[in-house]
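Colleague: Here's a structure for you.
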Amino acid sequence: MKYTKIIVFIIILIIAIFLGIFRNNILKLFYPKKYSEIVSVYSEKYQVDDKLIYAVIKAESNFDEKAVSHKDAVGLMQLMENTALEVASKYNISIDLENTKEDIANIQNNINIGTKYLSVLIEKYGNTELAVAAYNAGIGTVDNWIEKGMINKDGSNIENIPYKETNNYVRKILRNYKVYRELY
């Protein structure tokens with residue numbers, strides 16, 4: 001009995017030491033930087049922190065380029081067709097209109113359009129919190145929340161987002177973003 005407790009303690013200690021030493025390597029398995037060449041290009045082009053792009057991809061599709069949401073958003077960054085076409089048109093990003101959905105889901109195009117859209121939202125709102133909220137709920141919705149005083153323009157009370165899905169989404173992105181910044 002006495003030796004069993006000592007053995008269990010030693011095993012727990014070894015596991016704790018192992019996890020402490022290899023924590024970052026283990027976390028990197030769950031928070032990868034896939035498609036880094038593409039992300040890097042658009043991160044630089046649109047001046048969006050690559051770690052934020054990875055945080056969005058992680059939350060939106062968990063790096064599954066074939067992901068399609070129940071609302072029909074597609075690709076790594078889960079773009080709605082209308083939003084993707086609007087951004088592509090406004091910022092001269094070429095989309096094949098005969099195969100629109102497939103072209104938007106294309107890894108290169110998806111990261112290009114998604115990152116450009118994030119950059120537009122960050123510029124509009126001046127902070128990551130509201131930009132991410134608008135990425136999920138839409139610009140009109142976030143503008144309405146601000147206008148009604150439900151959330152502040154500076155994103156300081158982001159926890160007051162009234163849509164549960166968007167509230168959870170923003171928290172998830174910010175958590176992922178923090179992990180990516182700490183790991184990389």
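Ligands are numbered from 1 in the order shown, residues from 1 within each chain, and chains are lettered A, B, ... in the order they appear in the structure tokens.
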So that each row is one residue of region 97-156 of chain A with an atom at most 9 Å from region 65-80 of chain A, can you give its shortest atom pair and the distance in Å to one decimal, using only C-alpha atoms, rows by chain and rising number, as a Markdown table?
Modeller:
```
| residue | atom | partner | partner_atom | distance |
| --- | --- | --- | --- | --- |
| A:Lys101 | CA | A:Val74 | CA | 7.5 |
| A:Glu102 | CA | A:Val74 | CA | 8.6 |
| A:Ile104 | CA | A:Val74 | CA | 7.2 |
| A:Ala105 | CA | A:Gly75 | CA | 4.4 |
| A:Asn106 | CA | A:Gly75 | CA | 7.0 |
| A:Ile107 | CA | A:Glu65 | CA | 6.5 |
| A:Asn110 | CA | A:Gly75 | CA | 6.3 |
| A:Ile111 | CA | A:Met77 | CA | 6.6 |
| A:Ile113 | CA | A:Leu79 | CA | 8.3 |
| A:Gly114 | CA | A:Met77 | CA | 5.9 |
| A:Thr115 | CA | A:Met77 | CA | 8.5 |
```
Colleague: For the helix (DSSP H, G or I) assignment from backbone DSSP, which residues of region 1-160 of chain A qualify? Please present them as a ChimeraX atom specification.
Modeller: /A:2-30,36-46,50-61,81-90,97-105,107-125,128-137,139-147,158-160
Colleague: Name the closest residue to Val48 (chain A) among the candidates A:Phe22, A:Tyr117, A:Phe63, A:Tyr91; distances are taken between atoms, counting only C-alpha atoms.
Modeller: A:Tyr117
Colleague: Using only C-alpha atoms, can you tell me which of A:Thr100, A:Thr4, A:Thr128, A:Asn136 comes closest to Ala88 (chain A)?
Modeller: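 Checking each candidate against Ala88 (chain A), we get A:Thr100 as the closest.
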Colleague: Counting only C-alpha atoms, which residue out of A:Lys172, A:Lys58, A:Lys148, A:Lys153 sits closest to Asn127 (chain A)?
Modeller: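 Ranked by minimum distance to Asn127 (chain A), first place goes to A:Lys153.
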Colleague: Counting only C-alpha atoms, figure out which residue out of A:Ile146, A:Asn176, A:Asn92, A:Pro32 gets nearest to Pro162 (chain A).
Modeller: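 Of all the options, A:Ile146 lies closest to Pro162 (chain A).
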Colleague: Would you compute the distance between CA of Asp143 (chain A) and CA of Asn167 (chain A)? Give it in Å to one decimal.
Modeller: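 Taking CA of Asp143 (chain A) as the start and CA of Asn167 (chain A) as the end point, the length is 15.2 Å.
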Colleague: Would you mind telling me which residue in A:Glu98, A:Asp154, A:Ala59, A:Gln47 lies nearest to Arg171 (chain A) when using only C-alpha atoms?
Modeller: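 That would be A:Ala59, the residue with the smallest distance to Arg171 (chain A).
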Colleague: One decimal, in Å: what's the spacing between CA of Leu183 (chain A) and CA of Asn25 (chain A)?
Modeller: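 Interatomic distance here is 8.8 Å.
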